[in-house]
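K.L.:
Mind having a look at this structure? Questions to follow.
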Amino acid sequence: MGQFPSIFLSEQALIKNASHRVCICLCIDASLSMLNENRIGKVNSGVRKFIKSCQDDLYAQGAADVCIITFGGRKAAIVHNFTGVREIDYQDIIPDGQTPMGEAIELALDEIKKRKALFASHGISSFKPWLIIMSDGVSTDDISHAADRLRAAQRAKKIKVMCIDMSNGTEMSDLKKLTLDGAVSSIGALEIEDFFNLLSREVAGLSNDNPEDYS
Amino acid sequence: MSNTVSSTESEKCKAAIEEADARLRDFLNETIASILLSAGSNPGDYDRELFLPGLSNGYPRIRTEFLAEGASESWLRRYEQNKDNKAEGAARELVRARLAELPVSGRRSYYHDMICRHFDLAAALSFLQYTTAADFERRLTERLVLGLGKEDLVQRIIDSREVRNKKGHPTRDREEHLDAAAALEQLESLENLVRCFRPETAAPAVAEKRDEFRACAEKYLALFSNAPIPLAELERLPHFDMDDFESSRFINSYDSETQTLFFTPLHEVESWLAAMAAKRQAGSRALAEAEARRRSAGAPLQKDLAYDPFASAAAGAGALVAMRSYRGGPLSAEQRAELLENSIVTADADFWLNDENRNFLRNRLMPQLFRLGGKLVVDWDTRVELFCAEANEGGKVPAHVQQLAKQAHNLISLAYDTGFVYYGGRDNQLLSSEGRILKTVREHPDRLFTVFTRRKDFCRRLLQLGIRNVIPVYLLPDGECSVRASAMPLAAATVAAFGGASADANTAALPAVDTPKSAPAAPLPMPPVKPVETPAAPLPVPPAVPDKTPARRKPSAAAAESVRCIVDTGERLTIRHLPTLGETVATSDGGRLTLTRELGNGGEGVVYAADTPGVVVKIYHENDLTVYRRNKLMEMIGHNPDIRELCWPIAAVMNAEGEFCGFTMPSAEGYTEFGRSVMILGDSVFAEQHMPQWTRRSLVLLCRELIRIFKLMHSKGILMGDVNKRNLMLRMESAKHPKVMFVDCDSFQFGGYPCPVGTPVFTSPRIYERLGNQPRYPEFLRTEEDENYAIASLLFHVLMLDQSPFSGKGVTDVMEAIRNYNFSYRLPNDPENTGADTPDGYARMIWNNIPKRTKEAFGRVFKYKEILSLDEWDSVLASYQGDIRSGYFTDELKPERYWDTPDKKFCVDFECYICHRTDLNMPKARFEADDKRHEPHLCNNCRSAAFRAREAEATAVCTRCGRKYKTDQWMLYLQSEGFRKPFCPQCREARKRQFSK
């Protein structure tokens with residue numbers, strides 16, 4: 001029978017919940033340097049808090065679809081495929097190795113594209129997807145192709161990108177290449193929770209908006 | 001405007017401060033006396049004494065020669081005349097005048113003597129004012145703070161002086177504003193004053209007085225530190241019942257005008273409620289056991305068990321004929337008979353607990369009711385209440401009441417057995433007797449109830465809550481039934497509702513009930529449950545001004561040109577200070593409000609809850625405070641449309657300097673935004689959890705309610721302008737009669753002031769035609785047709801669970817689709833549109849299950865460029881509602897079956913091959929196509945999964961030639977289930993050629 005049963009099961013969530021969605025893809029640096037100041041610990045707890053506050057909000061619990069991609073070790077990996085915030089079972093990220101950011105971004109863009117196609121085939125409208133890249137160091141692979149792709153998508157207004165630099169302002173030249181105006185948010189380890197708080201509030205705030213206005 | 005602080009709270013605060021002041025006075029009295037005593041009364045710092053020992057008429061006897069020293073002749077003469085005068089005022093005035101002329105040292109000695117002879121707190125503090133650290137305070141603190149180091153000592157002196165200065169708190173004299181916060185502050189400052197003294201080493205009397213003060217202050221500090229609890233919060237507590245509450249001890253601290261409970265910690269109320277509930281539960285269990293014992297002991301079965309008063313036909317409008325002429329006093333025989341015949345009759349527990357009442361029920365009411373074919377309804381909660389009284393739960397029931405309860409209980413059981421009484425249903429919640437009656441009458445608004453009760457406040461509450469289906473009756477001393485004078489408005493309203501045309505002046509405001517007898521499904525226009533608009537509302541609403549020029553009332557396309565659009569010049573208003581949390585503002589109708597809590601922060605301003613319930617305040621951001629906004633608001637405030645579903649501005653709001661900064665409006669508490677309620681019904685998990693009673697019918701009713709409100713608005717010349725879910729709120733629990741609130745009314749279009757914003761998807765294409773692709777909303781007035789388009793779009797969103805009419809497959813530019821009227825859905829009688837563009841998923845199924853007339857209406861607006869009036873929409877929706885009721889069209893939110901005629905002309909039932917569901921159907925054409933292609937019959941969900949599988953790559957090995965070939969997951973599945981042979985494409989071709997020969 002092949003993969004058919006698993007495909008069948010993954011459709012169920014999209015059938016039960018046909019309300020508007022927003023795809024949130026978190027690309028998180030999982031290199032060893034994230035152990036400094038326990039940044040990775042703060043990120044883990046921040047993400048958990050984000051998931052919890054989305055689950056507690058009437059609108060966000062059905063609207064937020066989250067995908068978590070890490071780049072550490074020697075390649076980028078999808079730690080959690082796109083799932084609704086109700087069903088996601090977050091596992092803490094454990095850092096190790098290098099920082100293959102370029103690969104992660106490509107992976108993220110592919111996943112987002114697949115997810116949007118899936119939505120379209122179910123007649124589900126969605127807002128502009130969010131791609132949030134959190135890193136504290138320079139990429140160890142070549143990000144130029146990924147950066148081009150990302151900037152083109154932003155120019156076409158098809159994606160919203162937030163680059164979060166956690167290196168306390170020491171190294172961020174790579175993240176700057178990913179946004180159109182080079183804008184990068186610098187966040188210290190202590191402010192990570194605030195950031196996720198803000199994020200969940202932004203999701204809740206979408207309840208008054210129509211996805212069509214963002215086409 | 002009336003007080004923001006209730007009189008209950010203010011009185012209690014005043015009393016507390018007075019008590020604390022008295023204690024403090026005692027304490028200071030002792031303190032100062034003990035010091036002066038030990039220090040000697042004339043240490044040389046003071047001048048000689050002014051007073052003679054003893055008092056004369058309660059007033060100190062002053063040494064005249066002291067005062068006379070240096071005094072003017074005229075003063076001396078006047079003093080001689082007045083000093084023996086019985087009226088003290090004149091003499092005191094003269095002394096005061098003389099003291100004012102004296103030098104500081106003279107005044108000091110006067111106060112010193114006042115303290116010694118005749119203690120006065122004001123004098124003590126005034127005395128401190130004339131001393132310096134060098135003299136009295138040093139003495140005071142020396143005696144009291146022995147052992148302290150120099151810095152501490154200095155600090156104590158400074159602290160005590162500061163506290164003393166604070167004693168002149170501004171609210172001290174404005175007693176009408178003395179609220180808990182002010183009282184707390186006063187008490188705390190007094191506490192601090194006492195704390196500055198440490199009299200362990202001083203006389204025991206001093207310590208005793210200090211402790212007394214402390215205890216008094218602590219008691220009040222604890223009391224006032226409890227935040228006031230509004231009624232809305234109390235009602236949210238589990239087991240809360242208003243009747244219980246009104247007969248509890250908490251009622252002494254409850255202010256009915258502001259509907260707030262003071263001085264009580266929430267947990268105390270909660271535990272009391274829990275205790276009441278537990279008592280009731282215990283009573284309920286005991287009663288149930290007693291019943292069971294009775295049954296098993298062989299009590300006779302009730303006759304006529306099939307009778308159910310709620311199952312018989314409801315009294316229609318016009319049922320009460322004789323009652324129409326009732327104006328109070330004893331009910332005539334016909335009137336009584338009419339009531340008993342047409343209503344459900346019950347009595348509260350309090351009514352049962354009385355000999356005359358019980359005899360009346362037994363000897364006159366129950367037999368008459370029985371003859372008319374009815375029964376007296378006694379519900380479980382009433383029986384529990386009587387049972388608890390009989391069993392003396394809690395031990396506080398007097399003996400005679402116990403006896404009455406026992407007799408009532410016996411009567412009820414006997415009457416039940418002989419068929420005169422019907423036991424009302426029970427549910428999981430145990431309420432008080434009156435609470436249950438209230439709940440029942442609310443749940444059946446289309447039924448008439450006659451309730452026998454003695455309680456005046458129960459009748460008042462029924463009226464306040466907008467109940468219109470109860471006649472409250474009590475017994476006159478001579479045994480006749482009558483309606484109490486204070487309950488006449490309630491009876492009159494009910495008679496108007498059920499009695500047809502003849503209306504009292506009281507009920508002129510009620511909308512006419514015109515539901516035909518055969519259609520109980522159409523909703524009765526019920527006033528909302530929130531008592532915001534009762535006479536007890538604290539803010540007076542400006543009177544409605546219904547007359548406006550015809551041009552304004554209906555701005556059609558032509559008239560819109562003649563009414564000039566008032567454009568925002570951008571001129572800003574100056575403001576020195578924007579009020580924020582905790583501050584007080586003045587309203588233009590003469591009141592004051594304190595901003596208690598921030599509710600939301602939007603683009604133009606911040607919305608705060610106020611200390612008056614039912615009202616919220618919006619304070620504009622500084623950059624948005626313009627002349628234009630103020631003028632628009634004043635125009636709106638001057639014309640109250642009197643539509644209760646509109647959060648229309650009530651009054652303007654000014655800061656402390658009298659500058660305009662915002663406005664007040666009714667609060668929409670208990671309502672949720674559309675975007676967080678009805679628009680996410682597409683999420684079944686949310687729907688089941690939070691809005692489980694909502695069906696398609698609720699959506700249709702919601703649409704009709706929206707239309708009704710819009711019609712009202714348009715008739716008063718108000719257009720919403722930006723019609724979208726952001727401005728709309730509803731009550732999530734109102735599935736049977738949806739209740740809506742329109743908010744952000746300050747951005748509506750009114751009186752020449754446009755609505756300055758718009759949402760692209762809801763903007764009529766005609767606006768784009770008139771004004772281009774980027775219309776500047778603040779510069780033009782919308783017409784009613786523009787609004788009707790937007791309303792049609794809104795109705796579409798509601799019925800289709802937040803799908804837009806133009807987001808079809810492959811639509812990249814929604815704005816383009818709107819402008820070109822590219823409606824994505826298939827219309828009946830439209831051969832060219834195959835429906836291929838309709839978005840996949842639930843939207844298709846909903847569309848399929850909508851009646852033709854509704855679909856055509858949407859088609860006319862979104863495709864054929866017509867305009868439908870609101871009346872037409874209402875008619876279309878009414879027929880949709882009828883279709884649902886008749887079962888011809890489904891009531892499901894997300895239907896899964898295709899619509900079909902009752903004789904199954906178009907579709908066929910089948911079992912899905914993959915998920916094995918048997919409750920679905922599909923169009924016959926598709927069924928035959930599946931068979932022809934040798935593919936399994938699949939439900940829509942499995943079918944879309946199949947599409948996904950078709951896109952997933954796989955490799956397989958051909959069983960014929962052995963080669964590997966690329967295919968997809970779906971093909972693999974078909975092969976494994978035997979629908980296809982497991983061959984590669986080449987082999988398949990070969991076989992086909994082979995067999996076609």
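Ligands are numbered from 1 in the order shown, residues from 1 within each chain, and chains are lettered A, B, ... in the order they appear in the structure tokens.
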Each residue of chain B lying at most 8 Å from chain A should get a row with its shortest atom-to-atom pair and the distance in Å to one decimal, counting only C-alpha atoms; could you produce that, ordered by chain and increasing number, as a tab-separated table?
P.N.:
```
residue	atom	partner	partner_atom	distance
B:Gly675	CA	A:Ser207	CA	4.8
B:Arg676	CA	A:Tyr59	CA	5.3
B:Ser677	CA	A:Leu58	CA	7.9
B:Met679	CA	A:Ser19	CA	7.9
B:Ile680	CA	A:Ser19	CA	5.6
B:Leu681	CA	A:Ser19	CA	7.3
B:Gly682	CA	A:Ser19	CA	4.8
B:Asp683	CA	A:Asn17	CA	3.8
B:Ser684	CA	A:Lys16	CA	5.4
B:Val685	CA	A:Asn17	CA	6.9
B:Phe686	CA	A:Gly62	CA	7.3
B:Lys725	CA	A:Asn208	CA	6.5
B:Arg726	CA	A:Asn208	CA	5.2
B:Thr759	CA	A:Asp213	CA	7.8
B:Pro760	CA	A:Asp213	CA	6.7
B:Val761	CA	A:Asp213	CA	6.9
B:Leu801	CA	A:Ser19	CA	7.9
B:Asp802	CA	A:Ser19	CA	7.6
B:Gln803	CA	A:Ser125	CA	7.9
B:Ser804	CA	A:Glu212	CA	7.9
B:Ser807	CA	A:Glu212	CA	7.5
B:Lys809	CA	A:Ala120	CA	7.7
B:Thr812	CA	A:Ser215	CA	7.0
B:Asp813	CA	A:Ser215	CA	6.6
B:Val814	CA	A:Glu212	CA	6.6
B:Pro839	CA	A:Gly123	CA	4.9
B:Asp840	CA	A:Gly123	CA	4.4
B:Gly841	CA	A:His122	CA	4.6
B:Tyr842	CA	A:Gly123	CA	7.3
B:Ala843	CA	A:Gly123	CA	7.2
B:Asn941	CA	A:Ile15	CA	7.3
B:Cys942	CA	A:Phe8	CA	6.9
B:Ser944	CA	A:Ser121	CA	7.7
B:Ala945	CA	A:Phe8	CA	5.5
B:Arg948	CA	A:Ile7	CA	7.4
B:Ala949	CA	A:Phe4	CA	6.5
B:Gln969	CA	A:Gly2	CA	6.5
B:Trp970	CA	A:Phe4	CA	7.2
B:Leu972	CA	A:Met1	CA	6.4
B:Tyr973	CA	A:Met1	CA	4.9
B:Ser976	CA	A:Met1	CA	6.0
```
K.L.:
Restrict the selected residues to C-alpha atoms and save them as a PDB file, in the first residue's frame.
P.N.:
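Generated output (result_27.pdb):
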```
ATOM      1  CA  GLY B 675     -13.110  37.083  13.814  1.00  0.00           C
ATOM      2  CA  ARG B 676     -12.779  35.116  17.045  1.00  0.00           C
ATOM      3  CA  SER B 677     -16.154  33.448  16.982  1.00  0.00           C
ATOM      4  CA  MET B 679     -15.819  33.360  11.409  1.00  0.00           C
ATOM      5  CA  ILE B 680     -13.770  30.481  12.763  1.00  0.00           C
ATOM      6  CA  LEU B 681     -16.608  28.012  12.752  1.00  0.00           C
ATOM      7  CA  GLY B 682     -14.770  26.401   9.865  1.00  0.00           C
ATOM      8  CA  ASP B 683     -12.529  24.897  12.511  1.00  0.00           C
ATOM      9  CA  SER B 684     -14.579  21.980  13.796  1.00  0.00           C
ATOM     10  CA  VAL B 685     -12.459  21.591  16.909  1.00  0.00           C
ATOM     11  CA  PHE B 686     -13.157  25.189  17.894  1.00  0.00           C
ATOM     12  CA  LYS B 725     -15.768  41.589  10.736  1.00  0.00           C
ATOM     13  CA  ARG B 726     -13.617  44.018  12.687  1.00  0.00           C
ATOM     14  CA  THR B 759     -11.403  47.000   3.330  1.00  0.00           C
ATOM     15  CA  PRO B 760     -10.596  46.137  -0.288  1.00  0.00           C
ATOM     16  CA  VAL B 761     -12.570  42.899  -0.368  1.00  0.00           C
ATOM     17  CA  LEU B 801     -17.726  30.266   7.049  1.00  0.00           C
ATOM     18  CA  ASP B 802     -15.409  33.095   6.089  1.00  0.00           C
ATOM     19  CA  GLN B 803     -14.794  32.288   2.426  1.00  0.00           C
ATOM     20  CA  SER B 804     -14.602  35.206   0.067  1.00  0.00           C
ATOM     21  CA  SER B 807     -11.059  33.578  -4.024  1.00  0.00           C
ATOM     22  CA  LYS B 809      -8.805  28.548  -7.834  1.00  0.00           C
ATOM     23  CA  THR B 812      -3.932  35.666  -8.210  1.00  0.00           C
ATOM     24  CA  ASP B 813      -5.329  39.161  -8.002  1.00  0.00           C
ATOM     25  CA  VAL B 814      -8.428  39.311  -5.864  1.00  0.00           C
ATOM     26  CA  PRO B 839     -12.279  26.552  -4.274  1.00  0.00           C
ATOM     27  CA  ASP B 840     -11.957  22.962  -3.203  1.00  0.00           C
ATOM     28  CA  GLY B 841     -12.893  21.786   0.181  1.00  0.00           C
ATOM     29  CA  TYR B 842     -15.831  22.487   2.409  1.00  0.00           C
ATOM     30  CA  ALA B 843     -16.824  25.646   0.500  1.00  0.00           C
ATOM     31  CA  ASN B 941     -11.714  13.506   1.778  1.00  0.00           C
ATOM     32  CA  CYS B 942     -10.228  10.278   0.525  1.00  0.00           C
ATOM     33  CA  SER B 944      -8.319  14.599  -2.132  1.00  0.00           C
ATOM     34  CA  ALA B 945      -5.898  12.308  -0.348  1.00  0.00           C
ATOM     35  CA  ARG B 948      -1.992  14.007  -3.010  1.00  0.00           C
ATOM     36  CA  ALA B 949      -0.914  10.439  -3.458  1.00  0.00           C
ATOM     37  CA  GLN B 969       1.805   6.311  -4.668  1.00  0.00           C
ATOM     38  CA  TRP B 970      -1.760   6.267  -5.859  1.00  0.00           C
ATOM     39  CA  LEU B 972       0.810   1.633  -6.177  1.00  0.00           C
ATOM     40  CA  TYR B 973      -2.302   1.628  -4.045  1.00  0.00           C
ATOM     41  CA  SER B 976      -2.150  -3.401  -4.475  1.00  0.00           C
TER      42      SER B 976
END
```
K.L.:
Please list as a list in words every residue within 8 Å of Ile93 of chain A, counting only C-alpha atoms and excluding residues in the same chain fewer than 6 positions away.
P.N.:
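Counting only C-alpha atoms, the residues come to Ala30, Ile40, Asn44 and Thr70 of chain A.
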K.L.:
Excluding Thr140 of chain A and any residue of its chain fewer than 4 positions from it, enumerate the residues within 10 Å of it, using only C-alpha atoms, and give them as a PDB file with N, CA and C atoms, in the first residue's frame.
P.N.:
```pdb
ATOM      1  N   GLY A  72      22.155  22.561  12.237  1.00  0.00           N
ATOM      2  CA  GLY A  72      23.254  22.255  13.155  1.00  0.00           C
ATOM      3  C   GLY A  72      23.852  20.963  12.677  1.00  0.00           C
ATOM      4  N   ARG A  74      25.799  18.673  10.536  1.00  0.00           N
ATOM      5  CA  ARG A  74      26.366  18.954   9.214  1.00  0.00           C
ATOM      6  C   ARG A  74      25.298  19.268   8.175  1.00  0.00           C
ATOM      7  N   GLN A  98      27.948  22.430  13.247  1.00  0.00           N
ATOM      8  CA  GLN A  98      28.145  23.627  12.441  1.00  0.00           C
ATOM      9  C   GLN A  98      26.848  24.392  12.208  1.00  0.00           C
ATOM     10  N   THR A  99      26.899  25.311  11.225  1.00  0.00           N
ATOM     11  CA  THR A  99      25.747  26.193  10.990  1.00  0.00           C
ATOM     12  C   THR A  99      25.388  26.223   9.500  1.00  0.00           C
ATOM     13  N   PRO A 100      24.770  25.179   8.961  1.00  0.00           N
ATOM     14  CA  PRO A 100      24.419  25.176   7.531  1.00  0.00           C
ATOM     15  C   PRO A 100      23.139  25.972   7.267  1.00  0.00           C
ATOM     16  N   MET A 101      23.230  27.289   7.346  1.00  0.00           N
ATOM     17  CA  MET A 101      22.038  28.128   7.266  1.00  0.00           C
ATOM     18  C   MET A 101      21.412  28.089   5.874  1.00  0.00           C
ATOM     19  N   GLY A 102      22.254  28.102   4.825  1.00  0.00           N
ATOM     20  CA  GLY A 102      21.740  28.148   3.457  1.00  0.00           C
ATOM     21  C   GLY A 102      20.816  26.978   3.185  1.00  0.00           C
TER      22      GLY A 102
END
```
K.L.:
When DSSP is applied to the backbone of this structure, which of chain A are assigned alpha helix (DSSP H)? Write them out as a VMD selection string.
P.N.:
chain A and resid 4 to 16 39 to 56 60 to 63 101 to 122 144 to 155 173 to 176 192 to 205
K.L.:
If you count only C-alpha atoms, which residues fall within 8 Å of segment 66-69 of chain A, apart from same-chain ones fewer than 3 positions away, as a PDB file with N, CA and C atoms, in the first residue's frame?
P.N.:
```pdb
ATOM      1  N   CYS A  23       1.156  30.263   8.141  1.00  0.00           N
ATOM      2  CA  CYS A  23       2.272  29.324   8.269  1.00  0.00           C
ATOM      3  C   CYS A  23       3.419  30.032   8.935  1.00  0.00           C
ATOM      4  N   ILE A  24       3.898  29.450   9.999  1.00  0.00           N
ATOM      5  CA  ILE A  24       5.039  30.046  10.687  1.00  0.00           C
ATOM      6  C   ILE A  24       6.164  29.041  10.653  1.00  0.00           C
ATOM      7  N   CYS A  25       7.237  29.408   9.990  1.00  0.00           N
ATOM      8  CA  CYS A  25       8.368  28.491   9.908  1.00  0.00           C
ATOM      9  C   CYS A  25       9.515  29.058  10.715  1.00  0.00           C
ATOM     10  N   LEU A  26       9.939  28.318  11.718  1.00  0.00           N
ATOM     11  CA  LEU A  26      11.060  28.762  12.546  1.00  0.00           C
ATOM     12  C   LEU A  26      12.312  28.029  12.124  1.00  0.00           C
ATOM     13  N   CYS A  27      13.308  28.800  11.711  1.00  0.00           N
ATOM     14  CA  CYS A  27      14.592  28.194  11.378  1.00  0.00           C
ATOM     15  C   CYS A  27      15.548  28.535  12.499  1.00  0.00           C
ATOM     16  N   ILE A  28      15.955  27.537  13.234  1.00  0.00           N
ATOM     17  CA  ILE A  28      16.714  27.834  14.448  1.00  0.00           C
ATOM     18  C   ILE A  28      18.115  27.265  14.359  1.00  0.00           C
ATOM     19  N   ALA A  76      20.885  20.601   7.518  1.00  0.00           N
ATOM     20  CA  ALA A  76      19.663  21.151   8.103  1.00  0.00           C
ATOM     21  C   ALA A  76      18.629  20.038   8.198  1.00  0.00           C
ATOM     22  N   ALA A  77      17.814  20.096   9.182  1.00  0.00           N
ATOM     23  CA  ALA A  77      16.816  19.037   9.373  1.00  0.00           C
ATOM     24  C   ALA A  77      15.465  19.643   9.733  1.00  0.00           C
ATOM     25  N   ILE A  78      14.417  18.978   9.254  1.00  0.00           N
ATOM     26  CA  ILE A  78      13.074  19.392   9.656  1.00  0.00           C
ATOM     27  C   ILE A  78      12.756  18.651  10.938  1.00  0.00           C
ATOM     28  N   VAL A  79      12.706  19.392  12.026  1.00  0.00           N
ATOM     29  CA  VAL A  79      12.436  18.735  13.301  1.00  0.00           C
ATOM     30  C   VAL A  79      10.937  18.485  13.471  1.00  0.00           C
ATOM     31  N   HIS A  80      10.121  19.429  12.997  1.00  0.00           N
ATOM     32  CA  HIS A  80       8.672  19.249  13.031  1.00  0.00           C
ATOM     33  C   HIS A  80       8.105  19.727  11.719  1.00  0.00           C
ATOM     34  N   ASN A  81       7.424  18.838  11.014  1.00  0.00           N
ATOM     35  CA  ASN A  81       6.735  19.256   9.791  1.00  0.00           C
ATOM     36  C   ASN A  81       5.596  20.188  10.144  1.00  0.00           C
ATOM     37  N   PHE A  82       5.059  20.853   9.142  1.00  0.00           N
ATOM     38  CA  PHE A  82       3.966  21.782   9.418  1.00  0.00           C
ATOM     39  C   PHE A  82       2.819  21.057  10.111  1.00  0.00           C
ATOM     40  N   THR A  83       2.527  21.484  11.321  1.00  0.00           N
ATOM     41  CA  THR A  83       1.343  20.958  12.015  1.00  0.00           C
ATOM     42  C   THR A  83       0.634  22.120  12.665  1.00  0.00           C
ATOM     43  N   GLY A  84      -0.627  21.913  12.880  1.00  0.00           N
ATOM     44  CA  GLY A  84      -1.400  22.904  13.632  1.00  0.00           C
ATOM     45  C   GLY A  84      -0.858  22.988  15.051  1.00  0.00           C
ATOM     46  N   VAL A  85      -1.038  24.145  15.640  1.00  0.00           N
ATOM     47  CA  VAL A  85      -0.449  24.364  16.956  1.00  0.00           C
ATOM     48  C   VAL A  85      -1.115  23.487  18.033  1.00  0.00           C
ATOM     49  N   ILE A  88       0.868  19.936  17.753  1.00  0.00           N
ATOM     50  CA  ILE A  88       2.323  19.821  17.732  1.00  0.00           C
ATOM     51  C   ILE A  88       2.827  19.332  19.082  1.00  0.00           C
ATOM     52  N   ALA A 104      19.182  25.273   5.303  1.00  0.00           N
ATOM     53  CA  ALA A 104      17.956  25.388   6.104  1.00  0.00           C
ATOM     54  C   ALA A 104      16.953  26.306   5.419  1.00  0.00           C
ATOM     55  N   ALA A 108      13.290  25.428   4.172  1.00  0.00           N
ATOM     56  CA  ALA A 108      12.127  26.153   4.676  1.00  0.00           C
ATOM     57  C   ALA A 108      11.252  26.631   3.524  1.00  0.00           C
TER      58      ALA A 108
END
```
K.L.:
Could you go through segment 276-392 of chain B and tell me which residues DSSP, when run on the backbone, assigns to strand (DSSP E or B), listing them as a list in words?
P.N.:
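Listing strand (DSSP E or B) positions across segment 276-392 of chain B yields Gly329, Pro330, Ile344, Val345, Thr346, Ala347, Leu376, Val377 and Val378 of chain B.
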K.L.:
For the selection you just gave me, I'd like the residues written to a file as an mmCIF file, in the first residue's frame, keeping C-alpha atoms.
P.N.:
```
data_model
loop_
_atom_site.group_PDB
_atom_site.id
_atom_site.type_symbol
_atom_site.label_atom_id
_atom_site.label_comp_id
_atom_site.auth_asym_id
_atom_site.auth_seq_id
_atom_site.Cartn_x
_atom_site.Cartn_y
_atom_site.Cartn_z
ATOM 1 C CA GLY B 329 -56.512 44.836 41.989
ATOM 2 C CA PRO B 330 -58.251 41.453 42.250
ATOM 3 C CA ILE B 344 -47.794 27.274 32.780
ATOM 4 C CA VAL B 345 -48.526 27.788 36.474
ATOM 5 C CA THR B 346 -45.974 27.516 39.250
ATOM 6 C CA ALA B 347 -45.164 28.950 42.665
ATOM 7 C CA LEU B 376 -49.410 22.969 38.969
ATOM 8 C CA VAL B 377 -45.703 22.751 38.168
ATOM 9 C CA VAL B 378 -43.329 22.198 41.061
#
```
K.L.:
With distances taken over only C-alpha atoms, which residue among A:Lys52, A:Arg115, A:His145, A:Lys128 lies nearest Lys177 of chain A?
P.N.:
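Using only C-alpha atoms, Lys177 of chain A sits closest to A:His145.
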K.L.:
In terms of the shortest atom-to-atom distance over only C-alpha atoms, which of B:Ile718, B:Leu178, B:Met636, B:Ile229 is closest to Pro613 of chain B?
P.N.:
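Under the stated criterion, the closest residue is B:Ile229.
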